[in-house]
$ cat start-v7.pdb   # PDB, C-alpha atoms, pLDDT in the B column
ATOM      1  CA  MET N   1      30.689  77.396  98.681  1.00 80.00           C
ATOM      2  CA  LYS N   2      33.236  80.031  99.711  1.00 93.00           C
ATOM      3  CA  LYS N   3      36.673  78.887 100.851  1.00 94.00           C
ATOM      4  CA  ILE N   4      39.113  80.692 103.131  1.00 94.00           C
ATOM      5  CA  PHE N   5      42.785  79.730 103.237  1.00 95.00           C
ATOM      6  CA  VAL N   6      44.430  80.490 106.577  1.00 94.00           C
ATOM      7  CA  ILE N   7      48.137  80.603 107.411  1.00 95.00           C
ATOM      8  CA  ASP N   8      49.165  80.970 111.059  1.00 93.00           C
ATOM      9  CA  ILE N   9      52.863  81.839 111.337  1.00 93.00           C
ATOM     10  CA  GLY N  10      54.440  80.902 114.654  1.00 88.00           C
ATOM     11  CA  GLY N  11      57.984  81.273 115.906  1.00 85.00           C
ATOM     12  CA  THR N  12      58.353  77.470 115.884  1.00 89.00           C
ATOM     13  CA  ASN N  13      55.542  76.054 113.715  1.00 92.00           C
ATOM     14  CA  SER N  14      53.349  77.419 110.942  1.00 94.00           C
ATOM     15  CA  ARG N  15      49.910  76.015 110.275  1.00 94.00           C
ATOM     16  CA  PHE N  16      48.163  76.008 106.902  1.00 95.00           C
ATOM     17  CA  ALA N  17      44.436  75.251 106.608  1.00 93.00           C
ATOM     18  CA  MET N  18      41.546  75.496 104.174  1.00 93.00           C
ATOM     19  CA  PHE N  19      38.073  76.204 105.550  1.00 91.00           C
ATOM     20  CA  GLU N  20      34.770  75.899 103.690  1.00 92.00           C
ATOM     21  CA  VAL N  21      32.260  78.521 104.804  1.00 89.00           C
ATOM     22  CA  GLN N  22      28.919  76.814 105.419  1.00 85.00           C
ATOM     23  CA  SER N  23      27.119  79.839 106.901  1.00 80.00           C
ATOM     24  CA  PRO N  24      28.180  83.215 108.339  1.00 70.00           C
ATOM     25  CA  TYR N  25      28.933  81.491 111.673  1.00 67.00           C
ATOM     26  CA  SER N  26      29.964  78.006 110.592  1.00 78.00           C
ATOM     27  CA  MET N  27      33.027  76.682 108.762  1.00 82.00           C
ATOM     28  CA  ARG N  28      34.303  73.199 108.007  1.00 87.00           C
ATOM     29  CA  LEU N  29      38.001  72.342 108.047  1.00 87.00           C
ATOM     30  CA  ALA N  30      38.812  70.905 104.610  1.00 90.00           C
ATOM     31  CA  GLY N  31      42.497  70.178 105.234  1.00 91.00           C
ATOM     32  CA  SER N  32      45.537  71.316 107.193  1.00 93.00           C
ATOM     33  CA  ILE N  33      49.280  70.831 107.683  1.00 95.00           C
ATOM     34  CA  TRP N  34      51.942  72.000 110.173  1.00 95.00           C
ATOM     35  CA  LEU N  35      55.500  72.912 109.107  1.00 96.00           C
ATOM     36  CA  LYS N  36      58.578  74.143 110.992  1.00 95.00           C
ATOM     37  CA  THR N  37      58.746  77.906 110.368  1.00 94.00           C
ATOM     38  CA  ASN N  38      62.470  78.562 110.412  1.00 89.00           C
ATOM     39  CA  GLU N  39      63.347  75.524 108.290  1.00 93.00           C
ATOM     40  CA  ALA N  40      62.271  77.797 105.422  1.00 94.00           C
ATOM     41  CA  GLY N  41      64.468  80.713 104.376  1.00 94.00           C
ATOM     42  CA  SER N  42      61.487  82.864 103.345  1.00 94.00           C
ATOM     43  CA  PHE N  43      57.701  82.998 103.370  1.00 94.00           C
ATOM     44  CA  ASP N  44      57.597  81.973  99.703  1.00 94.00           C
ATOM     45  CA  GLU N  45      59.783  78.947 100.477  1.00 96.00           C
ATOM     46  CA  LEU N  46      57.463  77.982 103.351  1.00 95.00           C
ATOM     47  CA  ILE N  47      54.439  78.179 101.015  1.00 95.00           C
ATOM     48  CA  ASP N  48      56.297  76.123  98.368  1.00 95.00           C
ATOM     49  CA  ARG N  49      57.007  73.446 101.008  1.00 95.00           C
ATOM     50  CA  GLN N  50      53.342  73.381 102.014  1.00 95.00           C
ATOM     51  CA  GLU N  51      52.274  72.968  98.383  1.00 93.00           C
ATOM     52  CA  SER N  52      54.736  70.104  97.802  1.00 93.00           C
ATOM     53  CA  GLU N  53      53.978  68.255 101.062  1.00 92.00           C
ATOM     54  CA  LEU N  54      50.185  68.552 100.789  1.00 90.00           C
ATOM     55  CA  PRO N  55      49.352  69.245  97.124  1.00 89.00           C
ATOM     56  CA  GLY N  56      45.587  69.040  97.735  1.00 87.00           C
ATOM     57  CA  LEU N  57      45.736  72.172  99.908  1.00 89.00           C
ATOM     58  CA  VAL N  58      45.906  74.882  97.222  1.00 91.00           C
ATOM     59  CA  ILE N  59      45.812  78.580  98.084  1.00 94.00           C
ATOM     60  CA  GLU N  60      44.669  79.496  94.551  1.00 92.00           C
ATOM     61  CA  ASN N  61      41.493  77.409  95.067  1.00 92.00           C
ATOM     62  CA  SER N  62      40.295  79.727  97.841  1.00 94.00           C
ATOM     63  CA  ASP N  63      38.274  82.946  97.790  1.00 96.00           C
ATOM     64  CA  ALA N  64      40.380  84.764 100.399  1.00 95.00           C
ATOM     65  CA  LEU N  65      43.685  84.414 102.228  1.00 95.00           C
ATOM     66  CA  VAL N  66      44.147  85.259 105.920  1.00 94.00           C
ATOM     67  CA  VAL N  67      47.650  85.353 107.418  1.00 94.00           C
ATOM     68  CA  ALA N  68      47.974  85.434 111.214  1.00 92.00           C
ATOM     69  CA  ILE N  69      51.373  86.667 112.351  1.00 89.00           C
ATOM     70  CA  PRO N  70      53.164  86.862 115.718  1.00 84.00           C
ATOM     71  CA  GLY N  71      53.507  90.531 116.530  1.00 78.00           C
ATOM     72  CA  PRO N  72      51.922  93.820 115.568  1.00 77.00           C
ATOM     73  CA  ILE N  73      51.199  94.726 111.947  1.00 79.00           C
ATOM     74  CA  LEU N  74      52.882  98.104 111.550  1.00 79.00           C
ATOM     75  CA  ASP N  75      53.617  98.399 107.829  1.00 75.00           C
ATOM     76  CA  GLU N  76      51.404  98.194 104.735  1.00 77.00           C
ATOM     77  CA  ASP N  77      54.229  96.861 102.543  1.00 82.00           C
ATOM     78  CA  LYS N  78      56.140  94.420 104.716  1.00 85.00           C
ATOM     79  CA  VAL N  79      55.424  92.358 107.821  1.00 86.00           C
ATOM     80  CA  GLU N  80      58.267  91.823 110.299  1.00 85.00           C
ATOM     81  CA  MET N  81      57.638  89.145 112.899  1.00 83.00           C
ATOM     82  CA  VAL N  82      58.768  88.292 116.399  1.00 74.00           C
ATOM     83  CA  ASN N  83      60.912  85.108 116.577  1.00 79.00           C
ATOM     84  CA  VAL N  84      60.883  84.634 112.772  1.00 88.00           C
ATOM     85  CA  SER N  85      64.060  85.258 110.770  1.00 87.00           C
ATOM     86  CA  TRP N  86      62.359  86.558 107.595  1.00 92.00           C
ATOM     87  CA  ALA N  87      59.687  89.125 106.672  1.00 91.00           C
ATOM     88  CA  ILE N  88      56.665  88.931 104.353  1.00 92.00           C
ATOM     89  CA  ASP N  89      56.433  91.186 101.304  1.00 91.00           C
ATOM     90  CA  ILE N  90      52.690  91.973 101.221  1.00 88.00           C
ATOM     91  CA  ALA N  91      52.589  93.283  97.626  1.00 87.00           C
ATOM     92  CA  GLN N  92      54.470  90.227  96.329  1.00 89.00           C
ATOM     93  CA  LEU N  93      52.106  87.877  98.173  1.00 91.00           C
ATOM     94  CA  LYS N  94      49.008  89.609  96.766  1.00 89.00           C
ATOM     95  CA  LYS N  95      50.514  89.529  93.270  1.00 90.00           C
ATOM     96  CA  ARG N  96      51.391  85.825  93.555  1.00 92.00           C
ATOM     97  CA  PHE N  97      47.871  84.732  94.515  1.00 92.00           C
ATOM     98  CA  ASN N  98      45.639  87.594  93.296  1.00 92.00           C
ATOM     99  CA  LEU N  99      43.227  87.051  96.209  1.00 93.00           C
ATOM    100  CA  PRO N 100      41.741  89.318  98.854  1.00 94.00           C
ATOM    101  CA  THR N 101      44.470  89.012 101.510  1.00 93.00           C
ATOM    102  CA  TYR N 102      44.211  89.971 105.174  1.00 92.00           C
ATOM    103  CA  PHE N 103      46.923  90.132 107.831  1.00 91.00           C
ATOM    104  CA  ILE N 104      45.885  89.816 111.461  1.00 90.00           C
ATOM    105  CA  ASN N 105      47.701  89.388 114.759  1.00 86.00           C
ATOM    106  CA  ASP N 106      47.968  85.706 115.697  1.00 87.00           C
ATOM    107  CA  PHE N 107      46.229  86.252 119.007  1.00 85.00           C
ATOM    108  CA  ILE N 108      43.339  88.065 117.364  1.00 86.00           C
ATOM    109  CA  ALA N 109      42.952  84.793 115.447  1.00 85.00           C
ATOM    110  CA  GLN N 110      43.210  82.873 118.738  1.00 84.00           C
ATOM    111  CA  GLY N 111      40.590  85.140 120.302  1.00 84.00           C
ATOM    112  CA  PHE N 112      38.184  84.499 117.415  1.00 82.00           C
ATOM    113  CA  GLY N 113      38.947  80.776 117.750  1.00 80.00           C
ATOM    114  CA  CYS N 114      37.880  80.894 121.399  1.00 80.00           C
ATOM    115  CA  LEU N 115      34.439  82.031 120.207  1.00 78.00           C
ATOM    116  CA  THR N 116      33.909  78.924 118.049  1.00 75.00           C
ATOM    117  CA  ARG N 117      32.953  75.316 118.702  1.00 72.00           C
ATOM    118  CA  SER N 118      36.666  74.446 118.562  1.00 68.00           C
ATOM    119  CA  ILE N 119      36.854  74.957 122.335  1.00 70.00           C
ATOM    120  CA  ALA N 120      34.316  72.180 122.994  1.00 70.00           C
ATOM    121  CA  ASP N 121      37.155  69.898 124.138  1.00 76.00           C
ATOM    122  CA  GLN N 122      38.540  72.462 126.561  1.00 79.00           C
ATOM    123  CA  ILE N 123      39.909  71.325 129.912  1.00 82.00           C
ATOM    124  CA  LYS N 124      38.796  73.231 132.995  1.00 81.00           C
ATOM    125  CA  ILE N 125      41.809  74.249 135.060  1.00 84.00           C
ATOM    126  CA  LYS N 126      39.926  75.804 137.949  1.00 84.00           C
ATOM    127  CA  ASP N 127      36.284  76.300 138.824  1.00 86.00           C
ATOM    128  CA  GLY N 128      35.091  79.861 138.690  1.00 81.00           C
ATOM    129  CA  LYS N 129      32.109  82.098 138.098  1.00 81.00           C
ATOM    130  CA  PHE N 130      31.524  83.185 134.509  1.00 75.00           C
ATOM    131  CA  SER N 131      29.211  85.789 133.078  1.00 76.00           C
ATOM    132  CA  ALA N 132      28.825  86.872 129.446  1.00 73.00           C
ATOM    133  CA  GLN N 133      29.120  90.429 130.768  1.00 80.00           C
ATOM    134  CA  TYR N 134      32.783  89.822 131.729  1.00 84.00           C
ATOM    135  CA  ASP N 135      35.813  90.308 129.518  1.00 86.00           C
ATOM    136  CA  VAL N 136      37.855  87.157 128.821  1.00 84.00           C
ATOM    137  CA  ALA N 137      41.673  86.869 128.935  1.00 84.00           C
ATOM    138  CA  VAL N 138      43.304  84.666 126.281  1.00 84.00           C
ATOM    139  CA  ILE N 139      46.908  83.616 126.990  1.00 82.00           C
ATOM    140  CA  GLY N 140      48.932  81.088 125.022  1.00 79.00           C
ATOM    141  CA  ALA N 141      52.430  79.790 125.620  1.00 76.00           C
ATOM    142  CA  GLY N 142      54.321  78.908 122.456  1.00 71.00           C
ATOM    143  CA  THR N 143      57.635  80.233 121.198  1.00 67.00           C
ATOM    144  CA  GLY N 144      56.567  83.472 122.879  1.00 72.00           C
ATOM    145  CA  LEU N 145      53.724  84.236 125.270  1.00 75.00           C
ATOM    146  CA  GLY N 146      50.739  85.504 123.287  1.00 79.00           C
ATOM    147  CA  HIS N 147      47.937  87.564 124.783  1.00 82.00           C
ATOM    148  CA  CYS N 148      44.637  89.092 123.790  1.00 84.00           C
ATOM    149  CA  TYR N 149      41.380  89.709 125.491  1.00 86.00           C
ATOM    150  CA  LEU N 150      37.795  89.320 124.430  1.00 88.00           C
ATOM    151  CA  LYS N 151      36.010  92.583 125.234  1.00 90.00           C
ATOM    152  CA  SER N 152      32.392  91.959 126.150  1.00 88.00           C
ATOM    153  CA  ASP N 153      29.898  93.986 124.138  1.00 86.00           C
ATOM    154  CA  GLY N 154      27.378  93.652 126.967  1.00 82.00           C
ATOM    155  CA  ALA N 155      24.959  91.678 124.789  1.00 82.00           C
ATOM    156  CA  GLY N 156      26.659  88.259 124.829  1.00 79.00           C
ATOM    157  CA  GLY N 157      29.163  88.989 122.045  1.00 83.00           C
ATOM    158  CA  TYR N 158      32.876  89.781 122.157  1.00 86.00           C
ATOM    159  CA  LEU N 159      35.467  91.782 120.279  1.00 87.00           C
ATOM    160  CA  PRO N 160      39.028  90.330 120.261  1.00 87.00           C
ATOM    161  CA  VAL N 161      41.600  92.979 121.197  1.00 85.00           C
ATOM    162  CA  PRO N 162      45.347  92.309 120.693  1.00 80.00           C
ATOM    163  CA  ALA N 163      47.811  92.860 123.511  1.00 77.00           C
ATOM    164  CA  GLU N 164      51.499  92.568 122.663  1.00 67.00           C
ATOM    165  CA  ALA N 165      52.201  91.951 126.337  1.00 69.00           C
ATOM    166  CA  GLY N 166      55.195  89.742 125.581  1.00 65.00           C
ATOM    167  CA  GLN N 167      56.898  92.699 123.878  1.00 67.00           C
ATOM    168  CA  ILE N 168      56.544  95.106 126.797  1.00 71.00           C
ATOM    169  CA  PRO N 169      59.959  96.091 128.158  1.00 74.00           C
ATOM    170  CA  TYR N 170      60.710  95.277 131.774  1.00 75.00           C
ATOM    171  CA  ALA N 171      60.731  98.273 134.102  1.00 81.00           C
ATOM    172  CA  PHE N 172      64.094  98.101 135.858  1.00 86.00           C
ATOM    173  CA  ILE N 173      64.235 100.397 138.884  1.00 89.00           C
ATOM    174  CA  SER N 174      66.761  99.493 141.571  1.00 92.00           C
ATOM    175  CA  LYS N 175      70.531  99.395 141.207  1.00 93.00           C
ATOM    176  CA  GLU N 176      70.458  95.577 141.385  1.00 93.00           C
ATOM    177  CA  GLU N 177      67.759  95.401 138.653  1.00 89.00           C
ATOM    178  CA  LEU N 178      69.728  97.783 136.417  1.00 90.00           C
ATOM    179  CA  GLU N 179      72.825  95.599 136.857  1.00 92.00           C
ATOM    180  CA  TYR N 180      70.737  92.573 135.856  1.00 89.00           C
ATOM    181  CA  ARG N 181      69.533  94.508 132.770  1.00 88.00           C
ATOM    182  CA  ALA N 182      73.143  95.283 131.799  1.00 88.00           C
ATOM    183  CA  PHE N 183      74.008  91.580 132.229  1.00 89.00           C
ATOM    184  CA  ILE N 184      71.129  90.500 129.952  1.00 86.00           C
ATOM    185  CA  LEU N 185      72.059  93.038 127.254  1.00 86.00           C
ATOM    186  CA  GLU N 186      75.682  91.896 127.381  1.00 86.00           C
ATOM    187  CA  LYS N 187      74.756  88.202 126.997  1.00 85.00           C
ATOM    188  CA  ILE N 188      71.935  88.500 124.453  1.00 83.00           C
ATOM    189  CA  ASP N 189      71.960  90.729 121.368  1.00 77.00           C
ATOM    190  CA  ILE N 190      68.600  92.463 121.909  1.00 76.00           C
ATOM    191  CA  PRO N 191      67.729  96.173 122.138  1.00 76.00           C
ATOM    192  CA  TYR N 192      65.909  95.740 125.494  1.00 75.00           C
ATOM    193  CA  PRO N 193      64.667  92.864 127.690  1.00 76.00           C
ATOM    194  CA  THR N 194      60.999  91.944 127.290  1.00 71.00           C
ATOM    195  CA  GLY N 195      58.593  89.416 128.729  1.00 62.00           C
ATOM    196  CA  ASP N 196      58.876  87.215 125.625  1.00 57.00           C
TER
END

$ encode --input "start-v7.pdb" --output "structure tokens"
Amino acid sequence: MKKIFVIDIGGTNSRFAMFEVQSPYSMRLAGSIWLKTNEAGSFDELIDRQESELPGLVIENSDALVVAIPGPILDEDKVEMVNVSWAIDIAQLKKRFNLPTYFINDFIAQGFGCLTRSIADQIKIKDGKFSAQYDVAVIGAGTGLGHCYLKSDGAGGYLPVPAEAGQIPYAFISKEELEYRAFILEKIDIPYPTGD
């Protein structure tokens, strides 16, 4: 039975899980743990903590590693993340575990999750009309505000599409808005104000 190890890095918490693939469309959760992301000084330190706190959850015992990260994946060598104080060295990670390793946006992972049985316990917020022909918005409030949408393929399936909406800069127009922008930049050490 194939096993996939998944790490979901969040600005506040990181989740580690092992899944056993039972069929192309069915997996069983074999074990998981949550850890505080920024209590670790590096990705390697976070993995070491996971291994010491839950020794039965072993990355080396899997057939593939998937790492979901907050933010876009722009570099083949290093992954910088939103709201996380350290980066991930991709080559070092692949060398450490010698596994097929995949990096995906965290809300692509969330979008795929919305297509599984894991949403069986969902709570309806408001009644509405649904059709498999419609696209689906996926929004999640955590350390930031993640977004993606599920693009309908017209045949009952969906393709998750990332949307770094929380990283979009505000469009300041009026004199008052520009003064507010200057105030924000003076108070917070950021290059530009965003929705995150």

$ closest_residue --input "start-v7.pdb" --among "N:Gly142, N:Pro193, N:Pro55, N:Gly111" --to "Ser14 (chain N)" --atoms "only C-alpha atoms"
N:Gly142

$ residues_around --input "start-v7.pdb" --residues "Leu29 (chain N)" --least-positions-apart "2" --cutoff "10 Å" --atoms "all atoms listed in the file" --output "mmCIF file with C-alpha atoms, in the frame of the given file"
data_model
loop_
_atom_site.group_PDB
_atom_site.id
_atom_site.type_symbol
_atom_site.label_atom_id
_atom_site.label_comp_id
_atom_site.auth_asym_id
_atom_site.auth_seq_id
_atom_site.Cartn_x
_atom_site.Cartn_y
_atom_site.Cartn_z
ATOM 1 C CA LYS N 3 36.673 78.887 100.851
ATOM 2 C CA ILE N 4 39.113 80.692 103.131
ATOM 3 C CA ALA N 17 44.436 75.251 106.608
ATOM 4 C CA MET N 18 41.546 75.496 104.174
ATOM 5 C CA PHE N 19 38.073 76.204 105.550
ATOM 6 C CA GLU N 20 34.770 75.899 103.690
ATOM 7 C CA VAL N 21 32.260 78.521 104.804
ATOM 8 C CA MET N 27 33.027 76.682 108.762
ATOM 9 C CA GLY N 31 42.497 70.178 105.234
ATOM 10 C CA SER N 32 45.537 71.316 107.193
#

$ closest_residue --input "start-v7.pdb" --among "N:Gln22, N:Asn13, N:Ser62, N:Thr37" --to "Trp86 (chain N)" --atoms "only C-alpha atoms"
N:Thr37

$ resolve_selection --input "start-v7.pdb" --expression "the PyMOL selection byres ((chain N and resi 151) around 7)" --output "JSON, numbers by chain"
{"N": [135, 136, 149, 150, 152, 153, 158, 159, 160, 161]}

$ atom_distance --input "start-v7.pdb" --atom1 "CA of Ala137 (chain N)" --atom2 "CA of Ser85 (chain N)"
28.9 Å

$ residues_near_point --input "start-v7.pdb" --point "(54.5, 83.7, 107.2)" --cutoff "12 Å" --atoms "all atoms listed in the file" --output "ChimeraX atom specification"
/N:6-16,35-38,40-48,50,65-71,78-90,93,103-106

$ write_last_selection --input "start-v7.pdb" --atoms "C-alpha atoms" --output "CSV table (one decimal), keeping the file's coordinate frame"
chain,number,residue,atom,x,y,z
N,6,VAL,CA,44.4,80.5,106.6
N,7,ILE,CA,48.1,80.6,107.4
N,8,ASP,CA,49.2,81.0,111.1
N,9,ILE,CA,52.9,81.8,111.3
N,10,GLY,CA,54.4,80.9,114.7
N,11,GLY,CA,58.0,81.3,115.9
N,12,THR,CA,58.4,77.5,115.9
N,13,ASN,CA,55.5,76.1,113.7
N,14,SER,CA,53.3,77.4,110.9
N,15,ARG,CA,49.9,76.0,110.3
N,16,PHE,CA,48.2,76.0,106.9
N,35,LEU,CA,55.5,72.9,109.1
N,36,LYS,CA,58.6,74.1,111.0
N,37,THR,CA,58.7,77.9,110.4
N,38,ASN,CA,62.5,78.6,110.4
N,40,ALA,CA,62.3,77.8,105.4
N,41,GLY,CA,64.5,80.7,104.4
N,42,SER,CA,61.5,82.9,103.3
N,43,PHE,CA,57.7,83.0,103.4
N,44,ASP,CA,57.6,82.0,99.7
N,45,GLU,CA,59.8,78.9,100.5
N,46,LEU,CA,57.5,78.0,103.4
N,47,ILE,CA,54.4,78.2,101.0
N,48,ASP,CA,56.3,76.1,98.4
N,50,GLN,CA,53.3,73.4,102.0
N,65,LEU,CA,43.7,84.4,102.2
N,66,VAL,CA,44.1,85.3,105.9
N,67,VAL,CA,47.6,85.4,107.4
N,68,ALA,CA,48.0,85.4,111.2
N,69,ILE,CA,51.4,86.7,112.4
N,70,PRO,CA,53.2,86.9,115.7
N,71,GLY,CA,53.5,90.5,116.5
N,78,LYS,CA,56.1,94.4,104.7
N,79,VAL,CA,55.4,92.4,107.8
N,80,GLU,CA,58.3,91.8,110.3
N,81,MET,CA,57.6,89.1,112.9
N,82,VAL,CA,58.8,88.3,116.4
N,83,ASN,CA,60.9,85.1,116.6
N,84,VAL,CA,60.9,84.6,112.8
N,85,SER,CA,64.1,85.3,110.8
N,86,TRP,CA,62.4,86.6,107.6
N,87,ALA,CA,59.7,89.1,106.7
N,88,ILE,CA,56.7,88.9,104.4
N,89,ASP,CA,56.4,91.2,101.3
N,90,ILE,CA,52.7,92.0,101.2
N,93,LEU,CA,52.1,87.9,98.2
N,103,PHE,CA,46.9,90.1,107.8
N,104,ILE,CA,45.9,89.8,111.5
N,105,ASN,CA,47.7,89.4,114.8
N,106,ASP,CA,48.0,85.7,115.7

$ closest_residue --input "start-v7.pdb" --among "N:Gly113, N:Pro191, N:Gly146, N:Pro24" --to "Pro162 (chain N)" --atoms "all atoms listed in the file"
N:Gly146

$ atom_distance --input "start-v7.pdb" --atom1 "CA of Gly140 (chain N)" --atom2 "CA of Phe107 (chain N)"
8.4 Å

$ closest_residue --input "start-v7.pdb" --among "N:Ile123, N:Ile168, N:Ala30, N:Leu74" --to "Gly56 (chain N)" --atoms "only C-alpha atoms"
N:Ala30

$ resolve_selection --input "start-v7.pdb" --expression "the PyMOL selection byres ((chain N and resi 156) around 10)" --output "list in words"
Ser131, Ala132, Gln133, Tyr134, Ser152, Asp153, Gly154, Ala155, Gly157 and Tyr158 of chain N

$ atom_distance --input "start-v7.pdb" --atom1 "CA of Cys114 (chain N)" --atom2 "CA of Gly144 (chain N)"
18.9 Å

$ decode --input "start-v7.pdb" --residues "region 12-28 of chain N" --atoms "N, CA, C and O atoms" --output "PDB file, in the first residue's frame"
ATOM      1  N   THR N  12       0.649  30.029  11.818  1.00  0.00           N
ATOM      2  CA  THR N  12       0.555  29.757  13.248  1.00  0.00           C
ATOM      3  C   THR N  12       0.858  28.303  13.564  1.00  0.00           C
ATOM      4  O   THR N  12       1.692  28.003  14.410  1.00  0.00           O
ATOM      5  N   ASN N  13       0.176  27.378  12.882  1.00  0.00           N
ATOM      6  CA  ASN N  13       0.348  25.941  13.131  1.00  0.00           C
ATOM      7  C   ASN N  13       0.795  25.220  11.864  1.00  0.00           C
ATOM      8  O   ASN N  13       0.454  25.631  10.759  1.00  0.00           O
ATOM      9  N   SER N  14       1.525  24.137  12.063  1.00  0.00           N
ATOM     10  CA  SER N  14       1.886  23.238  10.965  1.00  0.00           C
ATOM     11  C   SER N  14       1.336  21.868  11.292  1.00  0.00           C
ATOM     12  O   SER N  14       1.380  21.422  12.434  1.00  0.00           O
ATOM     13  N   ARG N  15       0.793  21.224  10.279  1.00  0.00           N
ATOM     14  CA  ARG N  15       0.178  19.912  10.453  1.00  0.00           C
ATOM     15  C   ARG N  15       0.972  18.873   9.674  1.00  0.00           C
ATOM     16  O   ARG N  15       1.342  19.107   8.522  1.00  0.00           O
ATOM     17  N   PHE N  16       1.225  17.745  10.318  1.00  0.00           N
ATOM     18  CA  PHE N  16       1.947  16.632   9.719  1.00  0.00           C
ATOM     19  C   PHE N  16       1.002  15.441   9.693  1.00  0.00           C
ATOM     20  O   PHE N  16       0.349  15.149  10.694  1.00  0.00           O
ATOM     21  N   ALA N  17       0.934  14.725   8.564  1.00  0.00           N
ATOM     22  CA  ALA N  17       0.020  13.580   8.487  1.00  0.00           C
ATOM     23  C   ALA N  17       0.554  12.538   7.514  1.00  0.00           C
ATOM     24  O   ALA N  17       1.218  12.869   6.528  1.00  0.00           O
ATOM     25  N   MET N  18       0.247  11.282   7.811  1.00  0.00           N
ATOM     26  CA  MET N  18       0.551  10.176   6.913  1.00  0.00           C
ATOM     27  C   MET N  18      -0.773   9.613   6.412  1.00  0.00           C
ATOM     28  O   MET N  18      -1.686   9.356   7.199  1.00  0.00           O
ATOM     29  N   PHE N  19      -0.876   9.454   5.088  1.00  0.00           N
ATOM     30  CA  PHE N  19      -2.063   8.878   4.477  1.00  0.00           C
ATOM     31  C   PHE N  19      -1.693   7.589   3.760  1.00  0.00           C
ATOM     32  O   PHE N  19      -0.664   7.525   3.079  1.00  0.00           O
ATOM     33  N   GLU N  20      -2.536   6.585   3.889  1.00  0.00           N
ATOM     34  CA  GLU N  20      -2.385   5.332   3.143  1.00  0.00           C
ATOM     35  C   GLU N  20      -3.357   5.380   1.973  1.00  0.00           C
ATOM     36  O   GLU N  20      -4.559   5.589   2.155  1.00  0.00           O
ATOM     37  N   VAL N  21      -2.821   5.205   0.765  1.00  0.00           N
ATOM     38  CA  VAL N  21      -3.647   5.266  -0.438  1.00  0.00           C
ATOM     39  C   VAL N  21      -4.325   3.921  -0.625  1.00  0.00           C
ATOM     40  O   VAL N  21      -3.669   2.908  -0.842  1.00  0.00           O
ATOM     41  N   GLN N  22      -5.662   3.921  -0.556  1.00  0.00           N
ATOM     42  CA  GLN N  22      -6.419   2.678  -0.697  1.00  0.00           C
ATOM     43  C   GLN N  22      -6.876   2.459  -2.128  1.00  0.00           C
ATOM     44  O   GLN N  22      -7.036   1.328  -2.568  1.00  0.00           O
ATOM     45  N   SER N  23      -7.117   3.535  -2.857  1.00  0.00           N
ATOM     46  CA  SER N  23      -7.472   3.484  -4.279  1.00  0.00           C
ATOM     47  C   SER N  23      -7.141   4.857  -4.841  1.00  0.00           C
ATOM     48  O   SER N  23      -6.807   5.764  -4.082  1.00  0.00           O
ATOM     49  N   PRO N  24      -7.234   5.051  -6.161  1.00  0.00           N
ATOM     50  CA  PRO N  24      -6.910   6.379  -6.705  1.00  0.00           C
ATOM     51  C   PRO N  24      -7.718   7.520  -6.086  1.00  0.00           C
ATOM     52  O   PRO N  24      -7.280   8.656  -6.083  1.00  0.00           O
ATOM     53  N   TYR N  25      -8.909   7.233  -5.538  1.00  0.00           N
ATOM     54  CA  TYR N  25      -9.747   8.291  -4.987  1.00  0.00           C
ATOM     55  C   TYR N  25     -10.057   8.099  -3.508  1.00  0.00           C
ATOM     56  O   TYR N  25     -10.978   8.704  -2.983  1.00  0.00           O
ATOM     57  N   SER N  26      -9.283   7.280  -2.826  1.00  0.00           N
ATOM     58  CA  SER N  26      -9.561   7.023  -1.418  1.00  0.00           C
ATOM     59  C   SER N  26      -8.268   6.870  -0.634  1.00  0.00           C
ATOM     60  O   SER N  26      -7.378   6.110  -1.028  1.00  0.00           O
ATOM     61  N   MET N  27      -8.164   7.626   0.478  1.00  0.00           N
ATOM     62  CA  MET N  27      -7.008   7.525   1.359  1.00  0.00           C
ATOM     63  C   MET N  27      -7.489   7.397   2.798  1.00  0.00           C
ATOM     64  O   MET N  27      -8.556   7.878   3.146  1.00  0.00           O
ATOM     65  N   ARG N  28      -6.656   6.776   3.608  1.00  0.00           N
ATOM     66  CA  ARG N  28      -6.953   6.629   5.036  1.00  0.00           C
ATOM     67  C   ARG N  28      -5.895   7.365   5.827  1.00  0.00           C
ATOM     68  O   ARG N  28      -4.697   7.211   5.584  1.00  0.00           O
TER      69      ARG N  28
END
